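Since the structure comes first, as structure tokens, the remarks are kept for the end.
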Amino acid sequence: MNPRSDCSTQRLNGDKPDDIARAVKILQAGGLVALPTETVYGLGADAAKDQAVAGIFAAKGRPADHPLIVHIASANEMTRWARDIPEAAWKLAAEFWPGPLTLILKRAPGMADAASGGLDTIGLRVPGHPVAQALLQAFGGGIAAPSANRFGRISPTCAEHVLAELDGRIDAVIDGGVCSVGLESTILDLSGLVPRVLRPGKVTADMLAAVIGTLDEAPSGESSRTPGSLEAHYAPATPLRLVPSQGLEAEVERLTATGVVVVLARQEPQSNASCRWIQLPGDAVAYGHDLYARLREADALGVNYILIESPPSGTDWMAVNDRLKRAAAGSGVVKSA
Ligand code: TXA
Ligand code: MG
């Protein structure tokens with residue numbers, strides 16, 4: 001059941017109990033099942049089985065020292081996977097689980113070593129998507145799952161995106177529709193002395209601080225084992241540039257003189273622009289929901305440049321700005337000023 005480059009990937013329907021039962025059988029046999037969550041699709045395997053987890057790394061082309069998040073059905077299961085659980089974890093779980101928050105805790109024996117990236121900590125999350133919940137409850141164990149994309153690429157927010165990258169490399173994908181959040185979970189490290197956000201997401205630092213008090217404000221210099229913290233990540237193949245709103249018109253003009261451009265912007269299309277214009281929502285949550293699908297769409301056009309109007313700064317936009325910065329770095333082109 002481990003990934004082979006020639007296995008055929010079953011398409012399962014998340015609304016059908018029989019299909020959930022099929023997915024459970026595949027997981028029990030050590031296979032790989034991509035599953036919908038409210039953030040992005042995950043590539044799941046039995047978190048307790050080393051060989052199953054090794055299959056995830058092979059299918060994604062992910063370096064072995066990057067740890068995986070273990071998905072569990074409810075906060076009650078935290079004690080099975082983590083030890084010395086601080087009070088803050090229980091408070092946050094009560095407030096935000098099921099939901100788009102991952103907690104890094106000290107690891108108890110139980111997780112496959114292969115999933116730990118050699119760390120003595122573990123990332124745990126209770127996903128809110130009803131299909132992920134149904135699968136976890138029927139399976140009964142933990143499901144280790146990174147985002148279901150090839151390493152370094154854009155995370156998938158629907159089943160078609162998963163198949164575009166992993167068809168033939170995984171045993172099954174469960175279709176659960178389009179992800180409601182669209183950006184990966186917030187990661188909060190509770191394993192050290194002071195809680196620290198390792199990856200911004202829909203659950204903002206302010207929302208976390210309202211429940212547990214002060215956070216360590218210095219996310220820079222975090223471990224490169226948090227791939228979300230690698231400078232180049234979430235990247236389309238097309239060179240991507242971030243351009244401030246006021247400089248967009250000039251940059252469109254400059255680049256259309258040398259190549260084909262697609263623009264992703266919150267502002268209305270310029271009437272004189274001779275390029276494809278994809279308009280994105282003005283609201284941060286709606287923007288985050290659409291971003292990865294629009295990036296894939298832009299990337300598939302085979303143009304010379306993707307130009308993105310820089311979103312506003314501010315805490316609401318932190319997750320979006322974080323992913324865009326990394327996408328620009330990963331696409332291999334220096335950002336314009
Ligand atoms: O929303 C999400 O978090 C999605 C869905 C599928 O749950 N998953 C996801 O997984 O984004 P992945 O592997 O693409 O990103 C998880 C991040 C990685 O950057 C990983 O290094 C970090 O979590 N991580 C996992 N365990 C960790 C640990 N013990 N310490 C520090 N970082 C950890
Ligand atoms: Mg990922």
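How things are named: the first chain in the structure tokens is A, the next is B, and so on; residues count from 1 in each chain; ligands count from 1 in the order shown.
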
Quiz item: Looking only at the backbone, which of the residues in region 32-265 of chain A does DSSP tag as alpha helix (DSSP H), as a PyMOL selection string?
Solution: chain A and resi 50-60+78-81+87-96+130-139+159-166+205-212+248-256

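Using only C-alpha atoms, the contacts of Ala48 (chain A) at a cut-off of 7 Å, with sequence neighbours closer than 5 positions omitted, comprise Gly110, Met111 and Ala112 of chain A.
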
Please identify every polymer residue within 6 Å of ligand 1, using only C-alpha atoms and all ligand atoms, and present the set as an mmCIF file with N, CA, C and O atoms, in the first residue's frame.
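Saved result, selection31.cif, follows:
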```cif
data_model
loop_
_atom_site.group_PDB
_atom_site.id
_atom_site.type_symbol
_atom_site.label_atom_id
_atom_site.label_comp_id
_atom_site.auth_asym_id
_atom_site.auth_seq_id
_atom_site.Cartn_x
_atom_site.Cartn_y
_atom_site.Cartn_z
ATOM 1 N N THR A 39 -8.711 23.647 6.558
ATOM 2 C CA THR A 39 -7.625 24.536 6.126
ATOM 3 C C THR A 39 -7.217 24.204 4.695
ATOM 4 O O THR A 39 -7.492 24.974 3.767
ATOM 5 N N VAL A 40 -6.555 23.061 4.526
ATOM 6 C CA VAL A 40 -6.152 22.569 3.205
ATOM 7 C C VAL A 40 -6.295 21.050 3.246
ATOM 8 O O VAL A 40 -6.532 20.476 4.308
ATOM 9 N N TYR A 41 -6.161 20.385 2.091
ATOM 10 C CA TYR A 41 -6.195 18.917 2.089
ATOM 11 C C TYR A 41 -4.894 18.388 2.686
ATOM 12 O O TYR A 41 -3.816 18.945 2.457
ATOM 13 N N GLY A 42 -5.018 17.312 3.477
ATOM 14 C CA GLY A 42 -3.850 16.677 4.072
ATOM 15 C C GLY A 42 -3.576 15.343 3.404
ATOM 16 O O GLY A 42 -4.483 14.723 2.829
ATOM 17 N N HIS A 66 11.559 16.930 8.486
ATOM 18 C CA HIS A 66 10.451 17.863 8.676
ATOM 19 C C HIS A 66 9.281 17.121 9.324
ATOM 20 O O HIS A 66 8.680 16.260 8.693
ATOM 21 N N PRO A 67 8.960 17.466 10.568
ATOM 22 C CA PRO A 67 7.941 16.693 11.291
ATOM 23 C C PRO A 67 6.526 16.882 10.733
ATOM 24 O O PRO A 67 6.245 17.870 10.065
ATOM 25 N N LEU A 68 5.657 15.917 11.044
ATOM 26 C CA LEU A 68 4.273 15.953 10.563
ATOM 27 C C LEU A 68 3.321 16.277 11.708
ATOM 28 O O LEU A 68 3.560 15.887 12.851
ATOM 29 N N ILE A 69 2.222 16.941 11.389
ATOM 30 C CA ILE A 69 1.158 17.180 12.363
ATOM 31 C C ILE A 69 0.340 15.890 12.502
ATOM 32 O O ILE A 69 0.038 15.228 11.502
ATOM 33 N N ILE A 104 2.036 22.659 19.372
ATOM 34 C CA ILE A 104 3.266 21.873 19.517
ATOM 35 C C ILE A 104 3.479 21.613 21.006
ATOM 36 O O ILE A 104 3.542 22.549 21.813
ATOM 37 N N THR A 121 9.136 16.745 20.304
ATOM 38 C CA THR A 121 7.839 17.420 20.397
ATOM 39 C C THR A 121 6.898 16.845 19.337
ATOM 40 O O THR A 121 7.329 16.101 18.459
ATOM 41 N N ILE A 122 5.618 17.238 19.435
ATOM 42 C CA ILE A 122 4.620 16.753 18.474
ATOM 43 C C ILE A 122 3.624 17.881 18.184
ATOM 44 O O ILE A 122 3.262 18.639 19.090
ATOM 45 N N GLY A 123 3.219 17.984 16.925
ATOM 46 C CA GLY A 123 2.174 18.930 16.544
ATOM 47 C C GLY A 123 0.837 18.194 16.526
ATOM 48 O O GLY A 123 0.717 17.149 15.888
ATOM 49 N N ALA A 145 -0.564 13.939 8.908
ATOM 50 C CA ALA A 145 -0.885 14.496 7.590
ATOM 51 C C ALA A 145 -0.265 15.869 7.382
ATOM 52 O O ALA A 145 -0.645 16.830 8.048
ATOM 53 N N PRO A 146 0.672 15.935 6.439
ATOM 54 C CA PRO A 146 1.109 17.253 5.966
ATOM 55 C C PRO A 146 0.144 17.695 4.874
ATOM 56 O O PRO A 146 -0.749 16.934 4.491
ATOM 57 N N SER A 147 0.289 18.906 4.378
ATOM 58 C CA SER A 147 -0.532 19.326 3.246
ATOM 59 C C SER A 147 -0.248 18.396 2.060
ATOM 60 O O SER A 147 0.882 17.939 1.876
ATOM 61 N N GLU A 184 -3.171 27.172 5.637
ATOM 62 C CA GLU A 184 -2.821 26.193 6.653
ATOM 63 C C GLU A 184 -3.047 26.750 8.062
ATOM 64 O O GLU A 184 -3.056 27.961 8.276
ATOM 65 N N SER A 185 -3.158 25.794 9.011
ATOM 66 C CA SER A 185 -3.457 26.170 10.399
ATOM 67 C C SER A 185 -2.372 27.064 11.007
ATOM 68 O O SER A 185 -1.210 27.026 10.610
ATOM 69 N N ARG A 225 13.009 23.362 10.530
ATOM 70 C CA ARG A 225 12.212 22.143 10.479
ATOM 71 C C ARG A 225 10.735 22.457 10.368
ATOM 72 O O ARG A 225 9.926 21.573 10.207
ATOM 73 N N THR A 226 10.367 23.690 10.552
ATOM 74 C CA THR A 226 9.007 24.080 10.264
ATOM 75 C C THR A 226 9.035 24.552 8.813
ATOM 76 O O THR A 226 9.405 25.675 8.555
ATOM 77 N N PRO A 227 8.697 23.663 7.843
ATOM 78 C CA PRO A 227 8.843 24.059 6.448
ATOM 79 C C PRO A 227 8.090 25.335 6.154
ATOM 80 O O PRO A 227 8.512 26.127 5.345
ATOM 81 N N GLY A 228 6.982 25.537 6.866
ATOM 82 C CA GLY A 228 6.270 26.796 6.708
ATOM 83 C C GLY A 228 7.175 27.976 7.049
ATOM 84 O O GLY A 228 6.881 29.104 6.709
#
```

Practice problem: Check region 155-211 of chain A with DSSP on the backbone and list each residue it calls strand (DSSP E or B), as a PyMOL selection string. | Solution: chain A and resi 172-175+186-189+196-199

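Distance check against Lys49 (chain A) using only C-alpha atoms: of A:Gln28, A:Ser180, A:Asn321, A:Thr157, the minimum falls on A:Gln28.
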
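Picture a line from CA of Asp65 (chain A) to CA of Trp81 (chain A); it runs 19.2 Å.
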
Exercise. Write out as a PyMOL selection string each polymer residue whose atoms come within 8 Å of Ala108 (chain A), counting only C-alpha atoms; drop sequence neighbours fewer than 5 positions from it.
Key: chain A and resi 80-83

Quiz item: Quick one: residues within 10 Å of Asp290 (chain A), only C-alpha atoms counted, chain neighbours fewer than 3 positions away excluded, as a PyMOL selection string?
Solution: chain A and resi 157+178-183+280-281+285-287+293-295

For C-alpha atoms, I'd like the residues from the last selection saved as an mmCIF file, in the first residue's frame.
```cif
data_model
loop_
_atom_site.group_PDB
_atom_site.id
_atom_site.type_symbol
_atom_site.label_atom_id
_atom_site.label_comp_id
_atom_site.auth_asym_id
_atom_site.auth_seq_id
_atom_site.Cartn_x
_atom_site.Cartn_y
_atom_site.Cartn_z
ATOM 1 C CA THR A 157 -7.731 23.385 -1.336
ATOM 2 C CA VAL A 178 -13.485 23.195 -1.270
ATOM 3 C CA CYS A 179 -11.705 23.954 2.034
ATOM 4 C CA SER A 180 -13.496 26.698 3.947
ATOM 5 C CA VAL A 181 -10.366 28.417 5.365
ATOM 6 C CA GLY A 182 -7.952 27.869 2.476
ATOM 7 C CA LEU A 183 -4.696 28.588 4.363
ATOM 8 C CA LEU A 280 -9.229 38.909 -5.349
ATOM 9 C CA PRO A 281 -11.521 39.846 -2.425
ATOM 10 C CA VAL A 285 -10.548 35.917 5.281
ATOM 11 C CA ALA A 286 -12.152 35.738 1.826
ATOM 12 C CA TYR A 287 -8.776 36.516 0.233
ATOM 13 C CA ALA A 293 -6.761 28.345 -6.077
ATOM 14 C CA ARG A 294 -6.080 31.648 -7.843
ATOM 15 C CA LEU A 295 -2.308 31.113 -7.631
#
```

Residues within 12 Å of Gln137 (chain A), only C-alpha atoms, excluding chain neighbours under 5 positions, as a compact mmCIF listing (two decimals) with N, CA, C and O atoms, in the first residue's frame:
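So the final result, stored in part_21.txt, reads:
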```
# COMPACT_ATOMS: atom_id res chain seq x y z
N PRO A 17 -20.70 6.95 3.59
CA PRO A 17 -20.12 6.15 4.68
C PRO A 17 -19.29 4.98 4.16
O PRO A 17 -18.25 4.64 4.75
N ILE A 20 -15.88 6.25 3.36
CA ILE A 20 -15.10 6.50 4.59
C ILE A 20 -14.56 5.16 5.10
O ILE A 20 -13.39 5.05 5.49
N ALA A 21 -15.39 4.12 5.07
CA ALA A 21 -14.96 2.79 5.52
C ALA A 21 -13.81 2.28 4.65
O ALA A 21 -12.85 1.66 5.15
N VAL A 24 -10.68 4.03 5.71
CA VAL A 24 -10.18 3.47 6.98
C VAL A 24 -9.38 2.20 6.71
O VAL A 24 -8.29 1.99 7.27
N HIS A 71 -3.26 14.44 13.43
CA HIS A 71 -4.65 14.86 13.56
C HIS A 71 -5.38 13.87 14.45
O HIS A 71 -5.24 12.66 14.26
N ILE A 72 -6.12 14.40 15.41
CA ILE A 72 -6.85 13.55 16.35
C ILE A 72 -8.33 13.97 16.37
O ILE A 72 -8.66 15.08 15.95
N ALA A 73 -9.19 13.05 16.85
CA ALA A 73 -10.63 13.31 16.77
C ALA A 73 -11.12 14.31 17.80
O ALA A 73 -12.08 15.05 17.57
N SER A 74 -10.44 14.35 18.96
CA SER A 74 -10.89 15.29 19.99
C SER A 74 -9.74 15.59 20.95
O SER A 74 -8.74 14.86 21.01
N GLU A 77 -7.90 13.11 23.29
CA GLU A 77 -6.83 12.23 22.83
C GLU A 77 -5.44 12.84 22.97
O GLU A 77 -4.44 12.19 22.66
N VAL A 126 -7.03 19.07 16.04
CA VAL A 126 -8.34 18.46 15.85
C VAL A 126 -9.02 19.23 14.71
O VAL A 126 -9.42 20.39 14.90
N PRO A 127 -9.11 18.62 13.53
CA PRO A 127 -9.70 19.36 12.40
C PRO A 127 -11.21 19.43 12.51
O PRO A 127 -11.84 18.54 13.09
N PRO A 130 -16.17 18.10 8.58
CA PRO A 130 -16.95 16.92 8.95
C PRO A 130 -16.41 15.62 8.37
O PRO A 130 -16.51 14.56 9.01
N VAL A 131 -15.80 15.66 7.19
CA VAL A 131 -15.25 14.43 6.60
C VAL A 131 -14.00 13.99 7.36
O VAL A 131 -13.81 12.79 7.64
N ALA A 132 -13.16 14.95 7.75
CA ALA A 132 -11.97 14.61 8.54
C ALA A 132 -12.41 14.02 9.88
O ALA A 132 -11.85 13.03 10.37
N GLY A 142 -4.57 8.19 15.41
CA GLY A 142 -4.13 9.50 14.92
C GLY A 142 -3.76 9.41 13.45
O GLY A 142 -3.26 8.38 13.01
N ILE A 143 -4.02 10.46 12.72
CA ILE A 143 -3.63 10.49 11.30
C ILE A 143 -2.56 11.57 11.11
O ILE A 143 -2.83 12.76 11.32
```

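With only C-alpha atoms and all ligand atoms as the atoms that count, the minimum distance from ligand 2 to the choices A:Lys106, A:His129, A:Arg153, A:Arg254 is reached by A:Arg153.
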
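Among the candidates A:Leu188, A:Ala257, A:Leu166, A:Leu193, the residue lying nearest to Leu208 (chain A) is A:Leu188 (atoms considered: only C-alpha atoms).
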
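All residues of protein, DNA or RNA that reach within 12 Å of Val252 (chain A), judged by only C-alpha atoms and not counting those fewer than 6 positions away in the chain, are Arg241, Leu242, Val243, Pro244, Ser245, Gln246, Thr258, Gly259, Val260, Val261, Val262, Val263, Leu264, Ala265, Pro269, Gln270, Asn272, Ala273, Ser274, Cys275, Arg276, Trp277, Tyr305, Ile306, Leu307, Ile308, Glu309 and Ser336 of chain A.
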
Could you please take those selected residues and save N, CA and C atoms as an mmCIF file, in the first residue's frame?
```cif
data_model
loop_
_atom_site.group_PDB
_atom_site.id
_atom_site.type_symbol
_atom_site.label_atom_id
_atom_site.label_comp_id
_atom_site.auth_asym_id
_atom_site.auth_seq_id
_atom_site.Cartn_x
_atom_site.Cartn_y
_atom_site.Cartn_z
ATOM 1 N N ARG A 241 5.957 38.276 -8.420
ATOM 2 C CA ARG A 241 6.414 39.510 -7.776
ATOM 3 C C ARG A 241 5.298 40.148 -6.988
ATOM 4 N N LEU A 242 5.656 40.661 -5.821
ATOM 5 C CA LEU A 242 4.717 41.433 -5.018
ATOM 6 C C LEU A 242 4.976 42.908 -5.283
ATOM 7 N N VAL A 243 3.911 43.646 -5.570
ATOM 8 C CA VAL A 243 4.076 45.056 -5.921
ATOM 9 C C VAL A 243 3.101 45.893 -5.097
ATOM 10 N N PRO A 244 3.574 46.973 -4.481
ATOM 11 C CA PRO A 244 2.655 47.840 -3.730
ATOM 12 C C PRO A 244 1.577 48.415 -4.653
ATOM 13 N N SER A 245 0.372 48.662 -4.094
ATOM 14 C CA SER A 245 -0.778 49.117 -4.893
ATOM 15 C C SER A 245 -0.428 50.284 -5.799
ATOM 16 N N GLN A 246 0.273 51.269 -5.223
ATOM 17 C CA GLN A 246 0.511 52.484 -6.006
ATOM 18 C C GLN A 246 1.513 52.269 -7.141
ATOM 19 N N THR A 258 7.929 43.206 -21.848
ATOM 20 C CA THR A 258 8.933 42.146 -22.031
ATOM 21 C C THR A 258 8.347 40.736 -21.975
ATOM 22 N N GLY A 259 7.093 40.601 -21.581
ATOM 23 C CA GLY A 259 6.544 39.256 -21.484
ATOM 24 C C GLY A 259 5.057 39.275 -21.177
ATOM 25 N N VAL A 260 4.500 38.064 -21.021
ATOM 26 C CA VAL A 260 3.071 37.950 -20.727
ATOM 27 C C VAL A 260 2.887 37.947 -19.213
ATOM 28 N N VAL A 261 1.922 38.751 -18.770
ATOM 29 C CA VAL A 261 1.758 38.976 -17.336
ATOM 30 C C VAL A 261 0.343 38.594 -16.906
ATOM 31 N N VAL A 262 0.218 37.991 -15.714
ATOM 32 C CA VAL A 262 -1.102 37.870 -15.101
ATOM 33 C C VAL A 262 -1.039 38.603 -13.762
ATOM 34 N N VAL A 263 -2.094 39.368 -13.497
ATOM 35 C CA VAL A 263 -2.127 40.180 -12.277
ATOM 36 C C VAL A 263 -3.159 39.600 -11.314
ATOM 37 N N LEU A 264 -2.771 39.482 -10.048
ATOM 38 C CA LEU A 264 -3.722 39.132 -8.989
ATOM 39 C C LEU A 264 -3.825 40.359 -8.093
ATOM 40 N N ALA A 265 -4.993 40.992 -8.079
ATOM 41 C CA ALA A 265 -5.096 42.252 -7.344
ATOM 42 C C ALA A 265 -6.449 42.387 -6.677
ATOM 43 N N PRO A 269 -9.627 45.835 -12.388
ATOM 44 C CA PRO A 269 -8.691 45.772 -13.515
ATOM 45 C C PRO A 269 -8.460 47.162 -14.093
ATOM 46 N N GLN A 270 -7.212 47.437 -14.457
ATOM 47 C CA GLN A 270 -6.924 48.710 -15.123
ATOM 48 C C GLN A 270 -7.525 48.666 -16.521
ATOM 49 N N ASN A 272 -6.718 50.028 -19.203
ATOM 50 C CA ASN A 272 -5.794 49.946 -20.330
ATOM 51 C C ASN A 272 -4.841 48.751 -20.238
ATOM 52 N N ALA A 273 -5.015 47.900 -19.205
ATOM 53 C CA ALA A 273 -4.041 46.821 -19.015
ATOM 54 C C ALA A 273 -4.202 45.747 -20.093
ATOM 55 N N SER A 274 -3.088 45.409 -20.729
ATOM 56 C CA SER A 274 -3.152 44.386 -21.772
ATOM 57 C C SER A 274 -2.687 43.061 -21.195
ATOM 58 N N CYS A 275 -3.322 42.660 -20.109
ATOM 59 C CA CYS A 275 -2.933 41.391 -19.506
ATOM 60 C C CYS A 275 -4.137 40.794 -18.802
ATOM 61 N N ARG A 276 -4.011 39.512 -18.463
ATOM 62 C CA ARG A 276 -5.066 38.837 -17.731
ATOM 63 C C ARG A 276 -5.097 39.382 -16.297
ATOM 64 N N TRP A 277 -6.292 39.681 -15.788
ATOM 65 C CA TRP A 277 -6.435 40.293 -14.476
ATOM 66 C C TRP A 277 -7.351 39.423 -13.625
ATOM 67 N N TYR A 305 5.196 36.191 -15.986
ATOM 68 C CA TYR A 305 5.212 36.751 -14.639
ATOM 69 C C TYR A 305 3.820 36.706 -13.998
ATOM 70 N N ILE A 306 3.807 36.448 -12.700
ATOM 71 C CA ILE A 306 2.597 36.691 -11.914
ATOM 72 C C ILE A 306 2.902 37.926 -11.056
ATOM 73 N N LEU A 307 2.078 38.951 -11.220
ATOM 74 C CA LEU A 307 2.248 40.162 -10.401
ATOM 75 C C LEU A 307 1.141 40.173 -9.361
ATOM 76 N N ILE A 308 1.499 40.382 -8.118
ATOM 77 C CA ILE A 308 0.477 40.418 -7.064
ATOM 78 C C ILE A 308 0.507 41.763 -6.357
ATOM 79 N N GLU A 309 -0.645 42.397 -6.292
ATOM 80 C CA GLU A 309 -0.751 43.641 -5.532
ATOM 81 C C GLU A 309 -0.574 43.299 -4.048
ATOM 82 N N SER A 336 10.048 42.844 -6.349
ATOM 83 C CA SER A 336 10.286 44.244 -6.696
ATOM 84 C C SER A 336 10.080 45.090 -5.447
#
```
